[in-house]
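Comments concern the structure below.
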Amino acid sequence: MAIPSLQDGIDKAGSPIGLLWQPNAEPWTPEVVEREYAGWRQEQAAWHEGVALLNLSHHMYDLWIEGPDATRVLAEYGANNFEKFAIGQAKQYVPVTRDGKIVTDGILARRAENKYLLSGVPAAQHWVQYHAEKGGYDVAFETDTSSAFRPGGGDPKLFRYQIQGPLALELIEKVFGGPLPETKFFHSTPVTLDGRSFEALRHGMAGQAGYEFIGPWEHAGYVHEAFLKAGEPLGLVQVGALAYTTPSVESGWIPSPVPGIYADPELAEYRAWLPLFGIEGKRPLNGSYFSEDIADYYVSPYELGYGKLIHFGHDFHGRDALLKAKDEPRRTKVTLVFDADDVRRVVGGGEDPGFVLTYARHRVETSAGLVGTTMQTASIDPVGTVLAQTLIDSAHAEPGTEVTVVWGEHPGLGTDPEADLGFPRIRATVQVSPFDRHARTEYRRNA
């Protein structure tokens with residue numbers, strides 16, 4: 001029996017929106033790790049005030065790309081600068097369609113002259129592998145899926161532990177017996193712990209000082225225990241799956257853009273190559289903003305804040321479209337700070353709503369009508385309310401601008417997209433993105 005493809009799913013549903021629209025969709029959270037260890041509030045506080053351990057080992061896909069054409073295929077299907085890409089360095093990989101829309105980003109690390117590791121949501125990995133196979137590039141691939149989808153179960157090939165927060169460097173010195181070598185942002189340095197070799201990547205998702213430690217799974221338990229033991233006097237807190245999803249809302253990373261691949265006739269073969277039961281066919285859309293045109297959900301890398309990563313010094317797929325989009329009016333990424341009283345009234349029924357997380361595309365309005373859509377919304381306890389990473393018309397992106405968020409679930413096809421469904425409104429104020437000051441001002445200073 002043939003495995004259904006993404007195109008099969010679209011054809012059966014009648015449209016991409018018919019396939020993807022799922023009102024009240026459950027938000028994604030990482031697999032395997034506990035939902036909470038100390039409680040989501042305490043876990044969020046840890047990376048703001050103390051030190052936190054985040055386990056990234058289980059929920060990401062890894063794709064190793066190796067061969068004489070590895071750099072060429074990545075450069076021809078990514079907008080990044082490959083002329084300045086050192087071994088041991090990582091970059092936010094930015095693949096786009098011929099129309100200049102993001103396919104979905106990933107973390108690309110250069111492991112050797114002709115070897116890379118692309119990690120994260122697998123949409124970017126699929127894009128690279130498909131074009132490499134179709135184009136006959138001299139390159140080989142090895143994939144390790146997330147733990148929820150690994151065939152036959154088993155352990156990951158790599159462990160990934162982040163140490164984040166104001167006390168992160170103090171903890172790291174305790175574990176390794178001294179400070180690590182000075183390392184630029186998104187560069188790695190080799191480390192050894194009691195004869196076990198792995199690497200430290202200068203990176204973090206919480207907008208705070210810290211490192212991501214990456215190494216072979218055989219060392220995972222030992223390294224994890226070493227951090228826990230050394231961190232106990234410092235009040236180290238393990239971060240569970242709920243709190244783990246929220247640092248991106250403060251640090252300005254949008255984790256769930258819709259790949260711009262669903263309607264272009266020239267990508268029909270690609271959609272037939274993709275499995276239906278993958279990220280492209282199963283990542284749902286929902287919220288109060290509804291459109292029957294999937295293209296209305298596509299985003300430009302400029303809107304995501306990736307303009308500085310785009311390098312026009314080489315030819316790549318989508319280059320002409322990005323050149324044109326560079327000077328066109330577009331939406332701006334901002335943080336919306338929700339009115340706390342409205343959150344209690346609308347979301348909590350008058351009470352504290354507890355943990356709030358959604359990737360819904362909620363309408364953002366002013367007296368002028370629709371001006372933007374939310375991309376990820378979450379409770380941030382140290383701030384005292386809910387924040388939302390949002391794409392908004394640039395004319396309304398000034399910090400301090402007052403807007404309203406329409407909180408509800410449009411039923412989808414068969415109901416007018418502009419119908420007044422009586423959804424409640426939450427007042428919100430536009431602020432900058434990244435919202436976290438450290439992420440905004442210090443994070444990439446030595447990149």
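Please note that chains go A, B, ... in the order of the structure tokens, that every chain numbers its residues from 1, and that ligands are numbered from 1 in the order shown.
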*If we count only C-alpha atoms, what is near A:Ala272 at a cut-off of 12 Å, once residues fewer than 5 positions away on the same chain are taken out, given as a ChimeraX atom specification?*
/A:2-11,130,261-262,265-267,280-281
_Exercise: A:Pro216 partners within 9 Å, only C-alpha atoms, chain neighbours under 2 positions left out, as a PyMOL selection string_ = chain A and resi 156-159+197-198+214+218-220
*Tell me which protein, DNA and RNA residues are within 7 Å of A:Leu201, counting only C-alpha atoms, leaving out same-chain ones fewer than 3 positions away, and put them as a PyMOL selection string.*
chain A and resi 186-189+211-213
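The set of residues in stretch 34-88 of chain A assigned to helix (DSSP H, G or I) by DSSP, using only backbone atoms of this structure, is Trp40, Arg41, Gln42, Glu43, Gln44, Ala45, Ala46, Trp47, His48, Glu49, Ala70, Thr71, Arg72, Val73, Leu74, Ala75 and Glu76 of chain A.
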Please produce a file of the residues just selected, as a short mmCIF file (atom, residue, chain, number, x, y, z; two decimals), in the first residue's frame, where the atoms kept are all heavy atoms.
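Final file, result.cif:
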```cif
data_model
loop_
_atom_site.label_atom_id
_atom_site.label_comp_id
_atom_site.auth_asym_id
_atom_site.auth_seq_id
_atom_site.Cartn_x
_atom_site.Cartn_y
_atom_site.Cartn_z
N TRP A 40 5.71 25.30 36.00
CA TRP A 40 6.11 26.14 34.88
C TRP A 40 6.50 27.55 35.31
O TRP A 40 7.39 28.16 34.71
CB TRP A 40 5.01 26.19 33.81
CG TRP A 40 3.74 26.87 34.22
CD1 TRP A 40 2.64 26.31 34.80
CD2 TRP A 40 3.42 28.26 34.05
NE1 TRP A 40 1.67 27.25 35.02
CE2 TRP A 40 2.10 28.45 34.57
CE3 TRP A 40 4.11 29.36 33.53
CZ2 TRP A 40 1.48 29.71 34.56
CZ3 TRP A 40 3.48 30.61 33.53
CH2 TRP A 40 2.19 30.77 34.04
N ARG A 41 5.88 28.07 36.35
CA ARG A 41 6.22 29.42 36.81
C ARG A 41 7.65 29.46 37.36
O ARG A 41 8.44 30.36 37.03
CB ARG A 41 5.23 29.89 37.87
CG ARG A 41 3.80 30.00 37.40
CD ARG A 41 2.88 30.42 38.54
NE ARG A 41 1.48 30.26 38.23
CZ ARG A 41 0.72 31.17 37.61
NH1 ARG A 41 1.26 32.32 37.24
NH2 ARG A 41 -0.56 30.93 37.37
N GLN A 42 7.98 28.49 38.21
CA GLN A 42 9.32 28.43 38.78
C GLN A 42 10.36 28.16 37.71
O GLN A 42 11.49 28.68 37.78
CB GLN A 42 9.38 27.35 39.86
CG GLN A 42 8.54 27.63 41.08
CD GLN A 42 7.12 27.06 40.96
OE1 GLN A 42 6.56 26.96 39.87
NE2 GLN A 42 6.55 26.71 42.11
N GLU A 43 9.99 27.37 36.72
CA GLU A 43 10.94 27.06 35.64
C GLU A 43 11.21 28.29 34.79
O GLU A 43 12.36 28.54 34.38
CB GLU A 43 10.39 25.89 34.82
CG GLU A 43 10.37 24.59 35.61
CD GLU A 43 9.47 23.52 35.02
OE1 GLU A 43 9.18 23.61 33.81
OE2 GLU A 43 9.06 22.61 35.76
N GLN A 44 10.20 29.08 34.50
CA GLN A 44 10.43 30.33 33.78
C GLN A 44 11.28 31.29 34.61
O GLN A 44 12.18 31.96 34.07
CB GLN A 44 9.10 31.00 33.43
CG GLN A 44 8.33 30.33 32.32
CD GLN A 44 7.08 31.10 31.95
OE1 GLN A 44 6.57 31.91 32.73
NE2 GLN A 44 6.55 30.86 30.76
N ALA A 45 11.01 31.35 35.90
CA ALA A 45 11.78 32.25 36.76
C ALA A 45 13.26 31.87 36.78
O ALA A 45 14.13 32.75 36.90
CB ALA A 45 11.21 32.23 38.18
N ALA A 46 13.55 30.59 36.63
CA ALA A 46 14.93 30.12 36.75
C ALA A 46 15.84 30.74 35.70
O ALA A 46 16.98 31.13 36.00
CB ALA A 46 14.99 28.60 36.67
N TRP A 47 15.38 30.85 34.45
CA TRP A 47 16.28 31.42 33.44
C TRP A 47 16.30 32.95 33.47
O TRP A 47 17.14 33.58 32.85
CB TRP A 47 16.00 30.89 32.04
CG TRP A 47 14.72 31.31 31.38
CD1 TRP A 47 14.39 32.53 30.92
CD2 TRP A 47 13.62 30.45 31.07
NE1 TRP A 47 13.14 32.52 30.36
CE2 TRP A 47 12.64 31.25 30.42
CE3 TRP A 47 13.34 29.10 31.25
CZ2 TRP A 47 11.43 30.74 29.96
CZ3 TRP A 47 12.14 28.60 30.79
CH2 TRP A 47 11.20 29.40 30.17
N HIS A 48 15.39 33.54 34.24
CA HIS A 48 15.43 34.98 34.44
C HIS A 48 16.29 35.36 35.65
O HIS A 48 16.98 36.38 35.63
CB HIS A 48 14.02 35.54 34.66
CG HIS A 48 13.19 35.61 33.42
ND1 HIS A 48 12.42 34.57 32.97
CD2 HIS A 48 13.02 36.62 32.53
CE1 HIS A 48 11.79 34.92 31.87
NE2 HIS A 48 12.14 36.16 31.57
N GLU A 49 16.22 34.53 36.69
CA GLU A 49 16.80 34.94 37.96
C GLU A 49 17.93 34.03 38.45
O GLU A 49 18.71 34.44 39.31
CB GLU A 49 15.69 34.95 39.04
CG GLU A 49 14.54 35.86 38.70
CD GLU A 49 13.35 35.67 39.62
OE1 GLU A 49 13.46 34.83 40.55
OE2 GLU A 49 12.32 36.33 39.41
N ALA A 70 28.03 19.15 -0.65
CA ALA A 70 27.23 19.55 0.51
C ALA A 70 27.08 21.06 0.59
O ALA A 70 25.96 21.59 0.74
CB ALA A 70 27.85 19.01 1.78
N THR A 71 28.18 21.78 0.49
CA THR A 71 28.10 23.24 0.57
C THR A 71 27.32 23.80 -0.60
O THR A 71 26.50 24.73 -0.44
CB THR A 71 29.51 23.86 0.61
OG1 THR A 71 30.21 23.36 1.76
CG2 THR A 71 29.46 25.37 0.68
N ARG A 72 27.53 23.24 -1.78
CA ARG A 72 26.87 23.78 -2.97
C ARG A 72 25.36 23.65 -2.89
O ARG A 72 24.63 24.62 -3.16
CB ARG A 72 27.39 23.06 -4.23
CG ARG A 72 26.82 23.63 -5.53
CD ARG A 72 27.64 23.17 -6.73
NE ARG A 72 27.44 21.78 -7.05
CZ ARG A 72 26.52 21.33 -7.92
NH1 ARG A 72 25.70 22.19 -8.52
NH2 ARG A 72 26.41 20.06 -8.18
N VAL A 73 24.84 22.50 -2.49
CA VAL A 73 23.39 22.35 -2.44
C VAL A 73 22.78 23.22 -1.34
O VAL A 73 21.72 23.83 -1.53
CB VAL A 73 22.98 20.88 -2.28
CG1 VAL A 73 23.33 20.32 -0.90
CG2 VAL A 73 21.48 20.71 -2.54
N LEU A 74 23.46 23.33 -0.21
CA LEU A 74 22.94 24.18 0.86
C LEU A 74 22.94 25.65 0.45
O LEU A 74 22.01 26.39 0.75
CB LEU A 74 23.77 23.98 2.12
CG LEU A 74 23.53 22.66 2.85
CD1 LEU A 74 24.66 22.38 3.83
CD2 LEU A 74 22.19 22.67 3.57
N ALA A 75 23.99 26.08 -0.26
CA ALA A 75 24.09 27.47 -0.69
C ALA A 75 23.10 27.78 -1.81
O ALA A 75 22.56 28.89 -1.88
CB ALA A 75 25.51 27.78 -1.15
N GLU A 76 22.84 26.82 -2.68
CA GLU A 76 21.94 27.07 -3.81
C GLU A 76 20.48 27.05 -3.38
O GLU A 76 19.62 27.55 -4.11
CB GLU A 76 22.20 26.06 -4.92
CG GLU A 76 23.55 26.30 -5.61
CD GLU A 76 23.85 25.34 -6.72
OE1 GLU A 76 23.01 24.44 -7.01
OE2 GLU A 76 24.92 25.46 -7.35
#
```
Write out as a PDB file with all heavy atoms, in the first residue's frame which residues come within 8 Å of stretch 53-56 of chain A when counting only C-alpha atoms, dropping same-chain ones fewer than 6 positions away.
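Produced file selection_36.pdb, reproduced below:
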```pdb
ATOM      1  N   VAL A  33      10.336  14.591  27.681  1.00  0.00           N
ATOM      2  CA  VAL A  33      10.613  15.273  28.950  1.00  0.00           C
ATOM      3  C   VAL A  33       9.303  15.509  29.696  1.00  0.00           C
ATOM      4  O   VAL A  33       8.228  15.618  29.105  1.00  0.00           O
ATOM      5  CB  VAL A  33      11.356  16.611  28.735  1.00  0.00           C
ATOM      6  CG1 VAL A  33      12.684  16.380  28.051  1.00  0.00           C
ATOM      7  CG2 VAL A  33      10.507  17.581  27.930  1.00  0.00           C
ATOM      8  N   PHE A 159      22.823  14.023  22.498  1.00  0.00           N
ATOM      9  CA  PHE A 159      22.153  14.751  23.571  1.00  0.00           C
ATOM     10  C   PHE A 159      22.355  16.245  23.332  1.00  0.00           C
ATOM     11  O   PHE A 159      23.339  16.677  22.728  1.00  0.00           O
ATOM     12  CB  PHE A 159      22.686  14.349  24.953  1.00  0.00           C
ATOM     13  CG  PHE A 159      24.086  14.811  25.266  1.00  0.00           C
ATOM     14  CD1 PHE A 159      24.345  16.112  25.670  1.00  0.00           C
ATOM     15  CD2 PHE A 159      25.165  13.928  25.182  1.00  0.00           C
ATOM     16  CE1 PHE A 159      25.629  16.538  25.978  1.00  0.00           C
ATOM     17  CE2 PHE A 159      26.454  14.339  25.473  1.00  0.00           C
ATOM     18  CZ  PHE A 159      26.684  15.651  25.875  1.00  0.00           C
ATOM     19  N   ARG A 160      21.384  17.025  23.825  1.00  0.00           N
ATOM     20  CA  ARG A 160      21.481  18.486  23.783  1.00  0.00           C
ATOM     21  C   ARG A 160      20.937  19.024  25.102  1.00  0.00           C
ATOM     22  O   ARG A 160      19.763  18.842  25.416  1.00  0.00           O
ATOM     23  CB  ARG A 160      20.654  19.080  22.634  1.00  0.00           C
ATOM     24  CG  ARG A 160      21.244  18.925  21.258  1.00  0.00           C
ATOM     25  CD  ARG A 160      20.394  19.683  20.231  1.00  0.00           C
ATOM     26  NE  ARG A 160      20.983  19.662  18.925  1.00  0.00           N
ATOM     27  CZ  ARG A 160      20.786  18.698  18.020  1.00  0.00           C
ATOM     28  NH1 ARG A 160      20.000  17.681  18.332  1.00  0.00           N
ATOM     29  NH2 ARG A 160      21.359  18.752  16.839  1.00  0.00           N
ATOM     30  N   TYR A 161      21.790  19.686  25.844  1.00  0.00           N
ATOM     31  CA  TYR A 161      21.378  20.308  27.095  1.00  0.00           C
ATOM     32  C   TYR A 161      21.755  21.781  27.061  1.00  0.00           C
ATOM     33  O   TYR A 161      22.912  22.122  26.788  1.00  0.00           O
ATOM     34  CB  TYR A 161      22.062  19.646  28.297  1.00  0.00           C
ATOM     35  CG  TYR A 161      21.784  18.175  28.438  1.00  0.00           C
ATOM     36  CD1 TYR A 161      22.834  17.274  28.650  1.00  0.00           C
ATOM     37  CD2 TYR A 161      20.485  17.666  28.375  1.00  0.00           C
ATOM     38  CE1 TYR A 161      22.595  15.910  28.784  1.00  0.00           C
ATOM     39  CE2 TYR A 161      20.238  16.309  28.511  1.00  0.00           C
ATOM     40  CZ  TYR A 161      21.298  15.440  28.716  1.00  0.00           C
ATOM     41  OH  TYR A 161      21.053  14.091  28.848  1.00  0.00           O
ATOM     42  N   GLN A 162      20.792  22.632  27.348  1.00  0.00           N
ATOM     43  CA  GLN A 162      21.077  24.058  27.475  1.00  0.00           C
ATOM     44  C   GLN A 162      21.172  24.437  28.943  1.00  0.00           C
ATOM     45  O   GLN A 162      20.348  24.005  29.757  1.00  0.00           O
ATOM     46  CB  GLN A 162      19.978  24.899  26.824  1.00  0.00           C
ATOM     47  CG  GLN A 162      20.108  25.041  25.331  1.00  0.00           C
ATOM     48  CD  GLN A 162      19.135  26.062  24.772  1.00  0.00           C
ATOM     49  OE1 GLN A 162      18.416  26.723  25.516  1.00  0.00           O
ATOM     50  NE2 GLN A 162      19.113  26.190  23.456  1.00  0.00           N
ATOM     51  N   ILE A 163      22.174  25.236  29.254  1.00  0.00           N
ATOM     52  CA  ILE A 163      22.304  25.839  30.574  1.00  0.00           C
ATOM     53  C   ILE A 163      22.115  27.340  30.376  1.00  0.00           C
ATOM     54  O   ILE A 163      22.888  27.980  29.661  1.00  0.00           O
ATOM     55  CB  ILE A 163      23.686  25.547  31.203  1.00  0.00           C
ATOM     56  CG1 ILE A 163      23.914  24.034  31.298  1.00  0.00           C
ATOM     57  CG2 ILE A 163      23.788  26.193  32.573  1.00  0.00           C
ATOM     58  CD1 ILE A 163      22.952  23.315  32.210  1.00  0.00           C
ATOM     59  N   GLN A 164      21.071  27.894  30.997  1.00  0.00           N
ATOM     60  CA  GLN A 164      20.681  29.275  30.747  1.00  0.00           C
ATOM     61  C   GLN A 164      20.431  30.020  32.053  1.00  0.00           C
ATOM     62  O   GLN A 164      20.050  29.415  33.063  1.00  0.00           O
ATOM     63  CB  GLN A 164      19.392  29.302  29.919  1.00  0.00           C
ATOM     64  CG  GLN A 164      19.521  28.680  28.548  1.00  0.00           C
ATOM     65  CD  GLN A 164      20.353  29.510  27.609  1.00  0.00           C
ATOM     66  OE1 GLN A 164      20.043  30.673  27.364  1.00  0.00           O
ATOM     67  NE2 GLN A 164      21.414  28.948  27.088  1.00  0.00           N
ATOM     68  N   LEU A 236      19.651  25.140  40.716  1.00  0.00           N
ATOM     69  CA  LEU A 236      19.344  24.747  39.333  1.00  0.00           C
ATOM     70  C   LEU A 236      17.938  24.163  39.242  1.00  0.00           C
ATOM     71  O   LEU A 236      17.539  23.337  40.061  1.00  0.00           O
ATOM     72  CB  LEU A 236      20.356  23.705  38.851  1.00  0.00           C
ATOM     73  CG  LEU A 236      20.071  23.080  37.477  1.00  0.00           C
ATOM     74  CD1 LEU A 236      20.308  24.093  36.374  1.00  0.00           C
ATOM     75  CD2 LEU A 236      20.928  21.838  37.257  1.00  0.00           C
ATOM     76  N   VAL A 237      17.209  24.579  38.212  1.00  0.00           N
ATOM     77  CA  VAL A 237      15.854  24.093  37.966  1.00  0.00           C
ATOM     78  C   VAL A 237      15.806  23.453  36.583  1.00  0.00           C
ATOM     79  O   VAL A 237      16.250  24.053  35.597  1.00  0.00           O
ATOM     80  CB  VAL A 237      14.828  25.243  38.050  1.00  0.00           C
ATOM     81  CG1 VAL A 237      13.435  24.764  37.649  1.00  0.00           C
ATOM     82  CG2 VAL A 237      14.800  25.834  39.452  1.00  0.00           C
ATOM     83  N   GLN A 238      15.280  22.235  36.519  1.00  0.00           N
ATOM     84  CA  GLN A 238      15.047  21.615  35.219  1.00  0.00           C
ATOM     85  C   GLN A 238      13.770  22.195  34.606  1.00  0.00           C
ATOM     86  O   GLN A 238      12.788  22.431  35.307  1.00  0.00           O
ATOM     87  CB  GLN A 238      14.895  20.108  35.357  1.00  0.00           C
ATOM     88  CG  GLN A 238      16.140  19.382  35.788  1.00  0.00           C
ATOM     89  CD  GLN A 238      15.956  17.882  35.693  1.00  0.00           C
ATOM     90  OE1 GLN A 238      15.963  17.303  34.604  1.00  0.00           O
ATOM     91  NE2 GLN A 238      15.789  17.236  36.838  1.00  0.00           N
ATOM     92  N   VAL A 239      13.811  22.418  33.304  1.00  0.00           N
ATOM     93  CA  VAL A 239      12.683  23.021  32.597  1.00  0.00           C
ATOM     94  C   VAL A 239      11.897  21.935  31.876  1.00  0.00           C
ATOM     95  O   VAL A 239      12.454  21.162  31.093  1.00  0.00           O
ATOM     96  CB  VAL A 239      13.169  24.085  31.602  1.00  0.00           C
ATOM     97  CG1 VAL A 239      12.010  24.612  30.759  1.00  0.00           C
ATOM     98  CG2 VAL A 239      13.852  25.230  32.352  1.00  0.00           C
ATOM     99  N   GLY A 240      10.599  21.871  32.150  1.00  0.00           N
ATOM    100  CA  GLY A 240       9.734  20.883  31.528  1.00  0.00           C
ATOM    101  C   GLY A 240       9.197  21.343  30.188  1.00  0.00           C
ATOM    102  O   GLY A 240       9.480  22.450  29.703  1.00  0.00           O
ATOM    103  N   TYR A 244       9.318  25.059  28.420  1.00  0.00           N
ATOM    104  CA  TYR A 244      10.291  25.055  27.324  1.00  0.00           C
ATOM    105  C   TYR A 244       9.769  25.764  26.083  1.00  0.00           C
ATOM    106  O   TYR A 244      10.534  26.377  25.331  1.00  0.00           O
ATOM    107  CB  TYR A 244      10.669  23.612  26.960  1.00  0.00           C
ATOM    108  CG  TYR A 244      11.569  23.557  25.750  1.00  0.00           C
ATOM    109  CD1 TYR A 244      12.946  23.734  25.875  1.00  0.00           C
ATOM    110  CD2 TYR A 244      11.041  23.391  24.474  1.00  0.00           C
ATOM    111  CE1 TYR A 244      13.763  23.736  24.762  1.00  0.00           C
ATOM    112  CE2 TYR A 244      11.848  23.395  23.361  1.00  0.00           C
ATOM    113  CZ  TYR A 244      13.205  23.560  23.502  1.00  0.00           C
ATOM    114  OH  TYR A 244      14.014  23.567  22.393  1.00  0.00           O
TER     115      TYR A 244
END
```
Given only C-alpha atoms, how would the per-residue table for stretch 212-314 of chain A near stretch 421-438 of chain A read, listing every residue at most 6 Å away with its closest atom pair and distance in Å to one decimal, sorted by chain and number, as CSV?
```
residue,atom,partner,partner_atom,distance
A:Glu250,CA,A:Phe435,CA,5.0
A:Ser251,CA,A:Pro434,CA,4.8
A:Gly252,CA,A:Pro434,CA,4.2
```
_Contact residues around A:Arg361 with only C-alpha atoms at 8 Å, ignoring same-chain residues under 4 positions, as an MDAnalysis selection string_ = chainID A and resid 285:290 373:376
_Distance criterion (only C-alpha atoms): nearest to A:Gly354 out of A:Leu242, A:Val258, A:Ala295, A:Val403_ = A:Leu242
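Comparing the minimum interatomic distances between A:His396 and each of A:His311, A:Arg330, A:His126, A:Lys282, counting only C-alpha atoms, we find that A:Arg330 sits nearest.
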_A:Pro255 environment, 12 Å, only C-alpha atoms, sequence neighbours closer than 6 positions dropped, as a PyMOL selection string_ = chain A and resi 27-29+102-106+120-121+123+205+245-249+283+304+358-359+375-377+389-390
Save the residues we just selected, N, CA, C and O atoms, as an mmCIF file, in the first residue's frame?
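The resulting out.cif:
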```cif
data_model
loop_
_atom_site.group_PDB
_atom_site.id
_atom_site.type_symbol
_atom_site.label_atom_id
_atom_site.label_comp_id
_atom_site.auth_asym_id
_atom_site.auth_seq_id
_atom_site.Cartn_x
_atom_site.Cartn_y
_atom_site.Cartn_z
ATOM 1 N N PRO A 27 -1.792 22.636 21.240
ATOM 2 C CA PRO A 27 -0.464 23.176 20.912
ATOM 3 C C PRO A 27 0.619 22.124 21.091
ATOM 4 O O PRO A 27 0.541 21.282 21.995
ATOM 5 N N TRP A 28 1.624 22.192 20.233
ATOM 6 C CA TRP A 28 2.757 21.264 20.341
ATOM 7 C C TRP A 28 3.580 21.577 21.588
ATOM 8 O O TRP A 28 3.797 22.736 21.939
ATOM 9 N N THR A 29 4.022 20.508 22.245
ATOM 10 C CA THR A 29 5.027 20.617 23.302
ATOM 11 C C THR A 29 6.042 19.498 23.105
ATOM 12 O O THR A 29 5.732 18.475 22.478
ATOM 13 N N ILE A 102 9.417 31.826 3.257
ATOM 14 C CA ILE A 102 10.204 30.907 4.064
ATOM 15 C C ILE A 102 9.659 29.484 3.943
ATOM 16 O O ILE A 102 8.448 29.279 3.893
ATOM 17 N N VAL A 103 10.553 28.518 3.871
ATOM 18 C CA VAL A 103 10.160 27.113 3.895
ATOM 19 C C VAL A 103 10.067 26.626 5.341
ATOM 20 O O VAL A 103 9.302 25.722 5.649
ATOM 21 N N THR A 104 10.746 27.247 6.218
ATOM 22 C CA THR A 104 10.933 27.025 7.656
ATOM 23 C C THR A 104 12.432 26.950 7.895
ATOM 24 O O THR A 104 13.164 26.347 7.125
ATOM 25 N N ASP A 105 12.863 27.614 8.949
ATOM 26 C CA ASP A 105 14.284 27.707 9.211
ATOM 27 C C ASP A 105 14.785 26.468 9.950
ATOM 28 O O ASP A 105 14.017 25.566 10.284
ATOM 29 N N GLY A 106 16.069 26.430 10.212
ATOM 30 C CA GLY A 106 16.695 25.355 10.970
ATOM 31 C C GLY A 106 18.063 25.821 11.424
ATOM 32 O O GLY A 106 18.573 26.841 10.953
ATOM 33 N N GLY A 120 16.285 20.733 13.733
ATOM 34 C CA GLY A 120 15.080 21.491 14.038
ATOM 35 C C GLY A 120 13.851 20.889 13.403
ATOM 36 O O GLY A 120 13.755 19.670 13.208
ATOM 37 N N VAL A 121 12.884 21.743 13.075
ATOM 38 C CA VAL A 121 11.677 21.310 12.372
ATOM 39 C C VAL A 121 12.098 20.750 11.012
ATOM 40 O O VAL A 121 12.884 21.384 10.300
ATOM 41 N N ALA A 123 10.980 20.536 8.021
ATOM 42 C CA ALA A 123 10.580 21.072 6.716
ATOM 43 C C ALA A 123 11.782 21.552 5.907
ATOM 44 O O ALA A 123 11.874 21.314 4.691
ATOM 45 N N MET A 205 18.032 29.723 24.007
ATOM 46 C CA MET A 205 16.701 30.113 23.557
ATOM 47 C C MET A 205 16.006 31.020 24.545
ATOM 48 O O MET A 205 14.919 31.500 24.292
ATOM 49 N N THR A 245 8.450 25.693 25.849
ATOM 50 C CA THR A 245 7.899 26.294 24.631
ATOM 51 C C THR A 245 7.873 27.813 24.674
ATOM 52 O O THR A 245 7.647 28.451 23.647
ATOM 53 N N THR A 246 8.103 28.414 25.841
ATOM 54 C CA THR A 246 7.842 29.843 25.991
ATOM 55 C C THR A 246 9.021 30.789 25.802
ATOM 56 O O THR A 246 8.782 31.980 25.548
ATOM 57 N N PRO A 247 10.297 30.375 25.923
ATOM 58 C CA PRO A 247 11.375 31.366 25.755
ATOM 59 C C PRO A 247 11.349 32.070 24.414
ATOM 60 O O PRO A 247 11.746 33.238 24.316
ATOM 61 N N SER A 248 10.880 31.377 23.367
ATOM 62 C CA SER A 248 10.860 31.988 22.035
ATOM 63 C C SER A 248 9.981 33.230 21.999
ATOM 64 O O SER A 248 10.226 34.147 21.208
ATOM 65 N N VAL A 249 8.950 33.269 22.840
ATOM 66 C CA VAL A 249 8.066 34.431 22.852
ATOM 67 C C VAL A 249 8.799 35.667 23.352
ATOM 68 O O VAL A 249 8.514 36.790 22.932
ATOM 69 N N ARG A 283 0.989 19.849 10.787
ATOM 70 C CA ARG A 283 1.066 21.027 11.663
ATOM 71 C C ARG A 283 -0.184 21.871 11.423
ATOM 72 O O ARG A 283 -0.354 22.449 10.353
ATOM 73 N N LEU A 304 10.298 37.799 9.535
ATOM 74 C CA LEU A 304 10.753 37.027 10.689
ATOM 75 C C LEU A 304 12.007 37.616 11.324
ATOM 76 O O LEU A 304 12.500 37.093 12.323
ATOM 77 N N THR A 358 -0.562 28.886 22.791
ATOM 78 C CA THR A 358 -1.218 28.602 21.525
ATOM 79 C C THR A 358 -0.366 29.130 20.382
ATOM 80 O O THR A 358 0.335 30.138 20.517
ATOM 81 N N TYR A 359 -0.427 28.409 19.264
ATOM 82 C CA TYR A 359 0.205 28.866 18.021
ATOM 83 C C TYR A 359 -0.857 29.397 17.058
ATOM 84 O O TYR A 359 -0.595 29.541 15.862
ATOM 85 N N MET A 375 1.407 34.852 16.132
ATOM 86 C CA MET A 375 2.108 33.670 15.641
ATOM 87 C C MET A 375 2.355 32.647 16.757
ATOM 88 O O MET A 375 2.335 31.452 16.534
ATOM 89 N N GLN A 376 2.643 33.129 17.949
ATOM 90 C CA GLN A 376 2.736 32.280 19.130
ATOM 91 C C GLN A 376 2.402 33.131 20.340
ATOM 92 O O GLN A 376 2.873 34.262 20.471
ATOM 93 N N THR A 377 1.603 32.565 21.234
ATOM 94 C CA THR A 377 1.124 33.286 22.406
ATOM 95 C C THR A 377 1.351 32.420 23.631
ATOM 96 O O THR A 377 1.035 31.229 23.621
ATOM 97 N N GLN A 389 4.147 36.746 20.089
ATOM 98 C CA GLN A 389 4.933 37.131 18.923
ATOM 99 C C GLN A 389 3.954 37.335 17.771
ATOM 100 O O GLN A 389 3.127 36.461 17.474
ATOM 101 N N THR A 390 4.052 38.476 17.120
ATOM 102 C CA THR A 390 3.016 38.910 16.186
ATOM 103 C C THR A 390 3.644 39.555 14.963
ATOM 104 O O THR A 390 4.663 40.244 15.071
#
```
